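J.: Input structure: structure_37.txt, which contains compact mmCIF, C-alpha atoms.
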```
# COMPACT_ATOMS: atom_id res chain seq x y z
CA MET A 1 77.42 29.24 18.38
CA LYS A 2 79.03 30.89 15.37
CA ASN A 3 79.02 34.62 14.91
CA ASP A 4 76.34 36.12 12.66
CA LEU A 5 78.42 36.92 9.57
CA LEU A 6 76.66 40.13 8.60
CA LEU A 7 77.16 41.49 12.10
CA GLU A 8 80.74 40.30 12.33
CA LYS A 9 81.65 41.89 9.02
CA SER A 10 80.11 45.20 10.08
CA ILE A 11 82.65 45.56 12.90
CA ARG A 12 85.79 47.50 12.02
CA ASN A 13 89.02 45.95 13.30
CA ILE A 14 91.62 48.56 14.15
CA HIS A 15 95.03 46.99 14.64
CA GLY A 16 97.34 48.56 17.20
CA PHE A 17 94.69 50.74 18.87
CA PRO A 18 94.88 51.98 21.59
CA LYS A 19 98.30 50.31 21.80
CA PRO A 20 100.51 47.84 19.86
CA GLY A 21 99.29 44.25 19.87
CA ILE A 22 95.65 45.15 20.49
CA ILE A 23 92.90 44.76 17.90
CA PHE A 24 90.23 47.32 18.70
CA ARG A 25 86.73 46.17 17.72
CA ASP A 26 84.94 49.30 16.51
CA VAL A 27 81.19 49.00 16.92
CA THR A 28 80.42 52.37 15.30
CA THR A 29 80.57 50.75 11.85
CA LEU A 30 77.87 48.32 12.96
CA ALA A 31 75.67 51.15 14.28
CA GLN A 32 76.01 53.28 11.14
CA ASN A 33 75.02 50.31 8.94
CA SER A 34 71.21 50.39 9.02
CA VAL A 35 70.84 46.66 8.30
CA ALA A 36 73.39 45.55 10.90
CA PHE A 37 72.11 48.02 13.49
CA ARG A 38 68.55 46.86 13.04
CA ARG A 39 69.56 43.22 13.20
CA SER A 40 71.69 43.62 16.33
CA VAL A 41 68.92 45.31 18.31
CA ASN A 42 66.26 42.93 17.01
CA LEU A 43 68.35 39.91 18.03
CA LEU A 44 68.71 41.32 21.53
CA ALA A 45 64.96 41.98 21.64
CA LYS A 46 64.29 38.39 20.62
CA LYS A 47 66.68 37.11 23.28
CA TYR A 48 64.81 38.93 26.06
CA GLN A 49 61.31 38.46 24.68
CA GLY A 50 58.71 37.68 27.35
CA ARG A 51 61.08 38.54 30.21
CA LYS A 52 59.02 41.55 31.34
CA ILE A 53 61.87 44.03 31.43
CA ASP A 54 60.91 47.29 33.16
CA LYS A 55 64.07 49.23 32.37
CA VAL A 56 67.24 48.87 30.33
CA VAL A 57 70.41 50.34 31.82
CA GLY A 58 73.23 51.59 29.59
CA ALA A 59 76.64 52.96 30.57
CA GLU A 60 78.09 56.18 29.16
CA ALA A 61 78.57 56.67 26.29
CA ARG A 62 78.62 53.84 23.71
CA GLY A 63 76.37 51.72 25.90
CA PHE A 64 73.60 54.29 25.43
CA ILE A 65 73.41 53.49 21.71
CA PHE A 66 72.26 49.89 22.07
CA ALA A 67 70.54 50.11 25.44
CA SER A 68 68.21 52.93 24.40
CA ALA A 69 67.33 51.45 21.00
CA LEU A 70 66.53 48.14 22.70
CA ALA A 71 64.54 49.83 25.48
CA HIS A 72 62.37 51.53 22.89
CA LYS A 73 61.96 48.35 20.86
CA ILE A 74 60.76 46.29 23.84
CA GLY A 75 58.69 49.07 25.44
CA ALA A 76 60.92 49.55 28.49
CA GLY A 77 62.37 52.69 30.05
CA PHE A 78 65.99 53.65 29.55
CA ILE A 79 68.36 54.54 32.41
CA PRO A 80 71.77 56.12 31.88
CA VAL A 81 74.72 55.29 34.13
CA ARG A 82 77.14 58.19 33.81
CA LYS A 83 80.56 59.42 34.84
CA GLU A 84 80.79 61.48 38.02
CA GLY A 85 79.03 64.84 38.01
CA LYS A 86 77.04 64.37 34.80
CA LEU A 87 73.62 63.52 36.22
CA PRO A 88 71.66 66.55 37.44
CA HIS A 89 69.66 65.08 40.34
CA LYS A 90 70.47 63.03 43.45
CA THR A 91 72.71 60.10 42.65
CA ILE A 92 74.44 57.14 44.20
CA SER A 93 77.92 56.30 43.00
CA THR A 94 80.54 53.57 42.94
CA SER A 95 84.18 53.45 41.93
CA TYR A 96 86.05 50.81 40.00
CA GLU A 97 89.66 50.12 39.10
CA LEU A 98 91.05 50.94 35.68
CA GLU A 99 94.39 49.81 34.32
CA TYR A 100 95.78 53.07 35.69
CA GLY A 101 93.80 54.77 38.45
CA LYS A 102 90.08 54.50 38.99
CA ASP A 103 86.81 55.85 37.71
CA THR A 104 83.46 56.63 39.27
CA LEU A 105 80.01 55.85 37.88
CA GLU A 106 76.67 57.27 39.02
CA ILE A 107 72.98 56.54 38.67
CA HIS A 108 70.01 58.66 39.70
CA LYS A 109 68.79 57.54 43.12
CA ASP A 110 65.17 57.37 41.95
CA ALA A 111 65.89 55.75 38.58
CA ILE A 112 64.94 52.28 39.81
CA ALA A 113 62.20 51.28 42.26
CA ALA A 114 62.85 48.24 44.49
CA GLY A 115 62.01 45.03 42.62
CA GLU A 116 61.97 46.48 39.12
CA ARG A 117 63.21 44.09 36.45
CA ILE A 118 66.40 45.43 34.92
CA LEU A 119 68.36 44.51 31.82
CA ILE A 120 71.94 45.78 31.43
CA ILE A 121 73.12 46.36 27.86
CA ASP A 122 76.59 47.45 26.80
CA ASP A 123 78.49 47.46 23.55
CA LEU A 124 81.54 45.52 24.75
CA LEU A 125 82.45 42.96 27.40
CA ALA A 126 86.21 43.17 27.97
CA THR A 127 87.49 42.70 31.55
CA GLY A 128 84.02 43.37 32.97
CA GLY A 129 85.03 46.10 35.42
CA THR A 130 82.51 48.65 34.19
CA ILE A 131 79.62 46.22 34.30
CA GLU A 132 80.56 45.03 37.80
CA ALA A 133 80.20 48.66 38.88
CA VAL A 134 76.86 48.97 37.09
CA ILE A 135 75.63 45.84 38.89
CA ARG A 136 76.59 47.34 42.26
CA LEU A 137 74.59 50.48 41.49
CA ILE A 138 71.50 48.52 40.46
CA LYS A 139 71.71 46.28 43.54
CA LYS A 140 71.98 49.30 45.85
CA LEU A 141 68.66 50.45 44.40
CA GLN A 142 67.25 46.92 44.81
CA GLY A 143 66.63 46.36 41.13
CA LYS A 144 66.34 42.75 39.97
CA ILE A 145 68.90 42.04 37.24
CA ILE A 146 67.28 39.82 34.61
CA GLY A 147 70.21 39.68 32.23
CA ILE A 148 73.33 41.34 30.87
CA GLY A 149 73.70 41.63 27.10
CA PHE A 150 76.58 42.77 24.92
CA ILE A 151 77.14 43.34 21.24
CA ILE A 152 80.76 42.14 21.46
CA GLU A 153 82.52 39.83 23.91
CA LEU A 154 86.32 39.63 24.00
CA VAL A 155 86.38 36.08 25.26
CA ASP A 156 90.06 35.88 26.21
CA LEU A 157 89.73 38.75 28.69
CA LYS A 158 87.40 36.57 30.80
CA GLY A 159 84.98 39.34 31.75
CA ARG A 160 82.31 36.67 32.11
CA ASP A 161 84.08 35.33 35.21
CA LYS A 162 83.41 38.62 36.99
CA LEU A 163 79.70 38.45 36.19
CA LYS A 164 79.03 35.01 37.68
CA GLY A 165 75.48 34.48 38.89
CA TYR A 166 73.99 36.62 36.14
CA PRO A 167 72.85 35.41 32.72
CA VAL A 168 75.35 36.90 30.25
CA PHE A 169 74.67 37.02 26.52
CA SER A 170 76.75 38.40 23.66
CA LEU A 171 75.95 38.68 19.97
CA LEU A 172 79.56 38.43 18.74
CA LYS A 173 82.49 36.61 20.30
CA PHE A 174 86.07 37.48 19.37
CA HIS A 175 88.98 35.39 20.51
CA GLU A 176 92.10 37.33 19.81
CA ARG A 177 92.54 40.51 21.77
CA MET B 1 51.18 74.01 19.31
CA LYS B 2 50.73 73.07 22.94
CA ASN B 3 53.12 70.69 24.65
CA ASP B 4 52.05 67.06 24.92
CA LEU B 5 51.08 66.89 28.61
CA LEU B 6 52.32 63.38 29.30
CA LEU B 7 55.71 64.25 27.86
CA GLU B 8 55.87 67.61 29.61
CA LYS B 9 55.05 66.05 32.98
CA SER B 10 57.72 63.41 32.51
CA ILE B 11 60.46 66.08 32.48
CA ARG B 12 61.99 66.84 35.87
CA ASN B 13 62.51 70.54 36.58
CA ILE B 14 65.57 71.18 38.73
CA HIS B 15 65.60 74.72 40.06
CA GLY B 16 68.96 76.43 40.52
CA PHE B 17 70.99 73.88 38.50
CA PRO B 18 73.70 74.30 37.32
CA LYS B 19 73.47 77.81 38.83
CA PRO B 20 70.96 80.09 40.59
CA GLY B 21 68.12 81.36 38.44
CA ILE B 22 68.28 78.47 35.96
CA ILE B 23 65.65 75.76 35.69
CA PHE B 24 67.35 72.64 34.38
CA ARG B 25 65.06 70.43 32.28
CA ASP B 26 66.04 66.87 33.08
CA VAL B 27 65.20 64.53 30.22
CA THR B 28 66.35 61.38 32.05
CA THR B 29 62.96 61.13 33.78
CA LEU B 30 61.32 61.05 30.35
CA ALA B 31 63.67 58.32 29.12
CA GLN B 32 63.20 56.12 32.19
CA ASN B 33 59.40 56.33 31.85
CA SER B 34 58.59 53.60 29.33
CA VAL B 35 55.37 55.26 28.14
CA ALA B 36 56.90 58.70 27.70
CA PHE B 37 60.05 57.32 26.09
CA ARG B 38 58.07 55.28 23.61
CA ARG B 39 55.82 58.22 22.81
CA SER B 40 58.68 60.69 22.31
CA VAL B 41 60.54 58.47 19.84
CA ASN B 42 57.35 57.48 18.03
CA LEU B 43 56.37 61.14 17.61
CA LEU B 44 59.77 61.89 16.09
CA ALA B 45 59.41 58.86 13.81
CA LYS B 46 56.01 60.13 12.68
CA LYS B 47 57.42 63.59 12.01
CA TYR B 48 60.11 62.22 9.67
CA GLN B 49 58.02 59.46 8.10
CA GLY B 50 58.60 59.10 4.36
CA ARG B 51 61.66 61.38 4.38
CA LYS B 52 64.05 58.56 3.42
CA ILE B 53 66.57 59.16 6.18
CA ASP B 54 69.81 57.22 5.67
CA LYS B 55 71.42 58.03 9.00
CA VAL B 56 70.59 59.72 12.26
CA VAL B 57 73.37 61.67 13.94
CA GLY B 58 73.47 62.12 17.72
CA ALA B 59 75.91 64.12 19.84
CA GLU B 60 77.62 62.72 22.94
CA ALA B 61 76.21 61.68 25.30
CA ARG B 62 72.51 62.42 25.94
CA GLY B 63 71.89 62.89 22.23
CA PHE B 64 72.76 59.21 21.69
CA ILE B 65 69.69 58.15 23.68
CA PHE B 66 67.08 59.57 21.34
CA ALA B 67 69.05 59.50 18.09
CA SER B 68 69.81 55.79 18.29
CA ALA B 69 66.31 54.73 19.37
CA LEU B 70 64.88 56.76 16.49
CA ALA B 71 67.43 55.40 14.00
CA HIS B 72 66.43 51.86 14.91
CA LYS B 73 62.72 52.68 14.76
CA ILE B 74 62.92 54.16 11.24
CA GLY B 75 65.47 51.66 9.90
CA ALA B 76 68.34 54.12 9.57
CA GLY B 77 71.96 53.89 10.68
CA PHE B 78 73.18 55.73 13.75
CA ILE B 79 76.26 57.97 13.80
CA PRO B 80 77.86 59.28 16.98
CA VAL B 81 79.46 62.72 17.14
CA ARG B 82 81.90 62.61 20.04
CA LYS B 83 84.26 64.71 22.09
CA GLU B 84 87.88 64.88 20.96
CA GLY B 85 89.85 61.62 21.08
CA LYS B 86 86.93 59.27 21.68
CA LEU B 87 86.43 57.87 18.18
CA PRO B 88 88.94 55.15 17.24
CA HIS B 89 89.32 55.69 13.49
CA LYS B 90 90.10 58.66 11.22
CA THR B 91 88.01 61.68 12.12
CA ILE B 92 87.34 65.24 11.12
CA SER B 93 86.79 67.77 13.88
CA THR B 94 85.44 71.22 14.61
CA SER B 95 85.55 73.51 17.62
CA TYR B 96 82.86 75.66 19.12
CA GLU B 97 82.64 78.31 21.82
CA LEU B 98 81.30 77.53 25.26
CA GLU B 99 80.41 80.08 27.93
CA TYR B 100 83.99 79.66 29.18
CA GLY B 101 86.51 78.25 26.76
CA LYS B 102 85.79 75.98 23.83
CA ASP B 103 85.11 72.37 23.00
CA THR B 104 85.90 70.10 20.06
CA LEU B 105 83.60 67.59 18.40
CA GLU B 106 84.55 64.81 16.01
CA ILE B 107 82.92 62.47 13.52
CA HIS B 108 84.40 59.48 11.69
CA LYS B 109 85.56 60.57 8.25
CA ASP B 110 83.80 57.64 6.57
CA ALA B 111 80.60 57.82 8.62
CA ILE B 112 78.71 59.67 5.88
CA ALA B 113 78.95 59.22 2.11
CA ALA B 114 78.40 62.32 -0.06
CA GLY B 115 74.69 62.91 -0.64
CA GLU B 116 73.40 60.71 2.18
CA ARG B 117 70.23 61.98 3.82
CA ILE B 118 70.95 62.89 7.42
CA LEU B 119 68.72 63.67 10.39
CA ILE B 120 70.23 65.32 13.47
CA ILE B 121 68.58 64.46 16.79
CA ASP B 122 69.49 65.91 20.18
CA ASP B 123 67.81 66.03 23.55
CA LEU B 124 67.96 69.79 24.04
CA LEU B 125 68.10 72.95 21.95
CA ALA B 126 69.53 75.73 24.14
CA THR B 127 71.85 78.27 22.46
CA GLY B 128 72.43 75.94 19.52
CA GLY B 129 76.24 75.98 19.62
CA THR B 130 76.64 72.22 19.71
CA ILE B 131 74.28 71.64 16.82
CA GLU B 132 75.96 74.34 14.72
CA ALA B 133 79.17 72.34 15.16
CA VAL B 134 77.41 69.09 14.25
CA ILE B 135 76.07 70.74 11.08
CA ARG B 136 79.59 71.83 10.08
CA LEU B 137 80.85 68.25 10.45
CA ILE B 138 78.03 66.82 8.35
CA LYS B 139 78.51 69.46 5.64
CA LYS B 140 82.24 68.75 5.45
CA LEU B 141 81.31 65.14 4.64
CA GLN B 142 78.72 66.38 2.12
CA GLY B 143 75.75 64.88 3.91
CA LYS B 144 72.35 66.35 3.10
CA ILE B 145 70.66 67.55 6.29
CA ILE B 146 66.96 66.71 6.08
CA GLY B 147 65.98 67.99 9.50
CA ILE B 148 67.02 68.73 13.07
CA GLY B 149 64.84 67.38 15.87
CA PHE B 150 64.91 67.94 19.62
CA ILE B 151 63.03 66.62 22.60
CA ILE B 152 63.18 69.99 24.39
CA GLU B 153 63.59 73.53 23.08
CA LEU B 154 64.42 76.38 25.46
CA VAL B 155 62.72 78.99 23.33
CA ASP B 156 64.10 82.09 25.06
CA LEU B 157 67.70 81.12 24.30
CA LYS B 158 66.96 81.55 20.57
CA GLY B 159 69.00 78.54 19.42
CA ARG B 160 66.68 78.35 16.41
CA ASP B 161 68.19 81.58 15.05
CA LYS B 162 71.55 79.83 14.69
CA LEU B 163 69.99 76.98 12.70
CA LYS B 164 68.35 79.09 9.98
CA GLY B 165 67.94 77.35 6.68
CA TYR B 166 67.29 73.97 8.30
CA PRO B 167 63.90 72.58 9.31
CA VAL B 168 63.93 72.55 13.11
CA PHE B 169 61.40 70.57 15.15
CA SER B 170 61.01 70.16 18.89
CA LEU B 171 58.59 68.03 20.88
CA LEU B 172 58.48 70.28 23.96
CA LYS B 173 58.91 74.04 24.19
CA PHE B 174 59.78 75.72 27.47
CA HIS B 175 59.74 79.46 27.88
CA GLU B 176 61.43 80.28 31.13
CA ARG B 177 65.09 79.45 31.36
```
Please express what this file holds, its structure, as structure tokens.

T.:
Amino acid sequence: MKNDLLLEKSIRNIHGFPKPGIIFRDVTTLAQNSVAFRRSVNLLAKKYQGRKIDKVVGAEARGFIFASALAHKIGAGFIPVRKEGKLPHKTISTSYELEYGKDTLEIHKDAIAAGERILIIDDLLATGGTIEAVIRLIKKLQGKIIGIGFIIELVDLKGRDKLKGYPVFSLLKFHER
Amino acid sequence: MKNDLLLEKSIRNIHGFPKPGIIFRDVTTLAQNSVAFRRSVNLLAKKYQGRKIDKVVGAEARGFIFASALAHKIGAGFIPVRKEGKLPHKTISTSYELEYGKDTLEIHKDAIAAGERILIIDDLLATGGTIEAVIRLIKKLQGKIIGIGFIIELVDLKGRDKLKGYPVFSLLKFHER
């Protein structure tokens, strides 16, 4: 499937960020464009129509933008997954590898009841490490993952391979890094 | 005006967090409750109906949750204000005092065109320091601030006094710290 041109054009390409050879796909220019922002969330809503989503999970911080707008649009709750120490109540946590070192993500222990139908939404699928961690958190709480949706997928980084067994959807696919 | 009971009950009160004597008002329990989340965003949308908002600005990270859902609901763009070094393109920045030390917030330089009608949305009005900083950023870009809306206002901390000259609205008012 070809990229939606309006959405694709609303992404800012920053060459050489964060390091030489990389094209950074900046989703903030999509979000600040009212037409593109509306369309992106509405297309996600259409994709998951009729799937009876109880809650949409978003990861700190850019993930919040699309996950919460979609949650509101489809009448679901919104759950934040945050960096260590940011959530005020009892949490469970998991760590994942970064290029250098590791990072820890947390979710409130009572954010999901066993069997609830969960949709994960994030802005970007790159190597998939963050979302793997989010999946672990949801599974510990016995949530049922209905789907995983992204605004942008960097296809060459093969993040999809890490998410096997889950239905993955992305609005925009980019092939160069 | 009395607090909406459904919304008020959806807030989790955490006694003694982050330190003894403080009651922390946890808005994540409101967001994860689909009925309360929907109602909170719809009440904000109703409040700003007909005000021709171009863009809604939210501050990292909890502010994103409500600002982006509202932006989508009213057909506006969403603009993130972030901590130093998080935005990938050219930014302007401003610093503000914390209880200990200071913090810096940034906005993309081209996020707002001169004269655009801007709504600021955040989860919590406490002392108002963060929002003062957000106002400075928007004014530097010559945005026109139409209103400032919060889910929760901690009335006794008098954040409203710092925001004089701007129409401030909050869905829930709490009187004890």

J.: List as a PyMOL selection string the protein and nucleic acid residues near stretch 10-13 of chain B, meaning an atom at most 8 Å away when all atoms listed in the file are counted, but skip any in the same chain fewer than 4 places from it.

T.: chain B and resi 6+23-30+33+36

J.: Give me, please, the distance in Å between atom CA of A:Phe17 and atom CA of B:Gly85, quoted to one decimal.

T.: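 Separation between atom CA of A:Phe17 and atom CA of B:Gly85: 12.1 Å.
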
J.: Could you list, as a list in words, every residue within 9 Å of B:Val155, counting all atoms listed in the file and ignoring same-chain residues fewer than 4 positions away?

T.: Leu125, Ala126, Gly159, Arg160, Lys173, Phe174, His175, Glu176 and Arg177 of chain B

J.: Looking at B:Tyr166, B:Phe64, B:Tyr96, B:Tyr48, which one is nearest to chain A, with distances taken over all atoms listed in the file?

T.: B:Phe64

J.: List the spatial neighbours of A:Arg136 as an MDAnalysis selection string - criterion: any atom at most 12 Å away, all atoms listed in the file, same-chain residues fewer than 3 positions off excluded.

T.: chainID A and resid 81 92:96 104:107 120 129:133 139:145 163

J.: With C-alpha atoms retained, export the selected residues as a short mmCIF file (atom, residue, chain, number, x, y, z; two decimals), in the coordinates of the input.

T.:
```cif
data_model
loop_
_atom_site.label_atom_id
_atom_site.label_comp_id
_atom_site.auth_asym_id
_atom_site.auth_seq_id
_atom_site.Cartn_x
_atom_site.Cartn_y
_atom_site.Cartn_z
CA VAL A 81 74.72 55.29 34.13
CA ILE A 92 74.44 57.14 44.20
CA SER A 93 77.92 56.30 43.00
CA THR A 94 80.54 53.57 42.94
CA SER A 95 84.18 53.45 41.93
CA TYR A 96 86.05 50.81 40.00
CA THR A 104 83.46 56.63 39.27
CA LEU A 105 80.01 55.85 37.88
CA GLU A 106 76.67 57.27 39.02
CA ILE A 107 72.98 56.54 38.67
CA ILE A 120 71.94 45.78 31.43
CA GLY A 129 85.03 46.10 35.42
CA THR A 130 82.51 48.65 34.19
CA ILE A 131 79.62 46.22 34.30
CA GLU A 132 80.56 45.03 37.80
CA ALA A 133 80.20 48.66 38.88
CA LYS A 139 71.71 46.28 43.54
CA LYS A 140 71.98 49.30 45.85
CA LEU A 141 68.66 50.45 44.40
CA GLN A 142 67.25 46.92 44.81
CA GLY A 143 66.63 46.36 41.13
CA LYS A 144 66.34 42.75 39.97
CA ILE A 145 68.90 42.04 37.24
CA LEU A 163 79.70 38.45 36.19
#
```

J.: Set the distance at 12 Å and use all atoms listed in the file: which residues neighbour B:Lys52 once local chain neighbours fewer than 2 positions away are removed? I'd like the list as a list in words.

T.: Ala45, Lys47, Tyr48, Gln49, Gly50, Asp54, Lys55, Val56, Ala71, Ile74, Gly75, Ala76, Gly77, Glu116, Arg117, Ile118, Leu119, Lys144, Ile145, Ile146 and Gly147 of chain B

J.: Would you mind reading off the distance between atom CA of A:Lys2 and atom CA of A:Ala31, one decimal, in Å?

T.: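 Separation of atom CA of A:Lys2 and atom CA of A:Ala31: 20.6 Å.
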
J.: Could you state the separation of atom CA of B:Leu124 and atom CA of B:Ile112 in Å, given to one decimal place?

T.: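 Distance between the two atoms: 23.4 Å.
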
J.: Smallest atom-to-atom distance to B:Ala113: which of B:Ile65, B:Gly128, B:Ile138, B:Phe150, using only C-alpha atoms?

T.: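 With only C-alpha atoms as the atom set, the closest residue is B:Ile138.
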
J.: With a distance cut-off of 7 Å and all atoms listed in the file, select the neighbouring residues of A:Ser170, excluding the residue or stretch itself and same-chain residues fewer than 2 positions from it, and output the selection as a list of chain:residue names.

T.: A:Gly149, A:Phe150, A:Ile151, A:Ile152, A:Glu153, A:Val168, A:Leu172, A:Lys173

J.: Please determine, counting only C-alpha atoms, which residue among B:Leu44, B:Leu87, B:Val134, B:Ile79 has the shortest atom-to-atom distance to chain A.

T.: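 Of all the options, B:Ile79 lies closest to chain A.
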
J.: Could you check the closest approach to chain A for each of B:Ile148, B:Ala111, B:Leu154, B:Ile135 and tell me which residue wins, using all atoms listed in the file?

T.: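 For chain A, the nearest of the candidates is B:Ala111.
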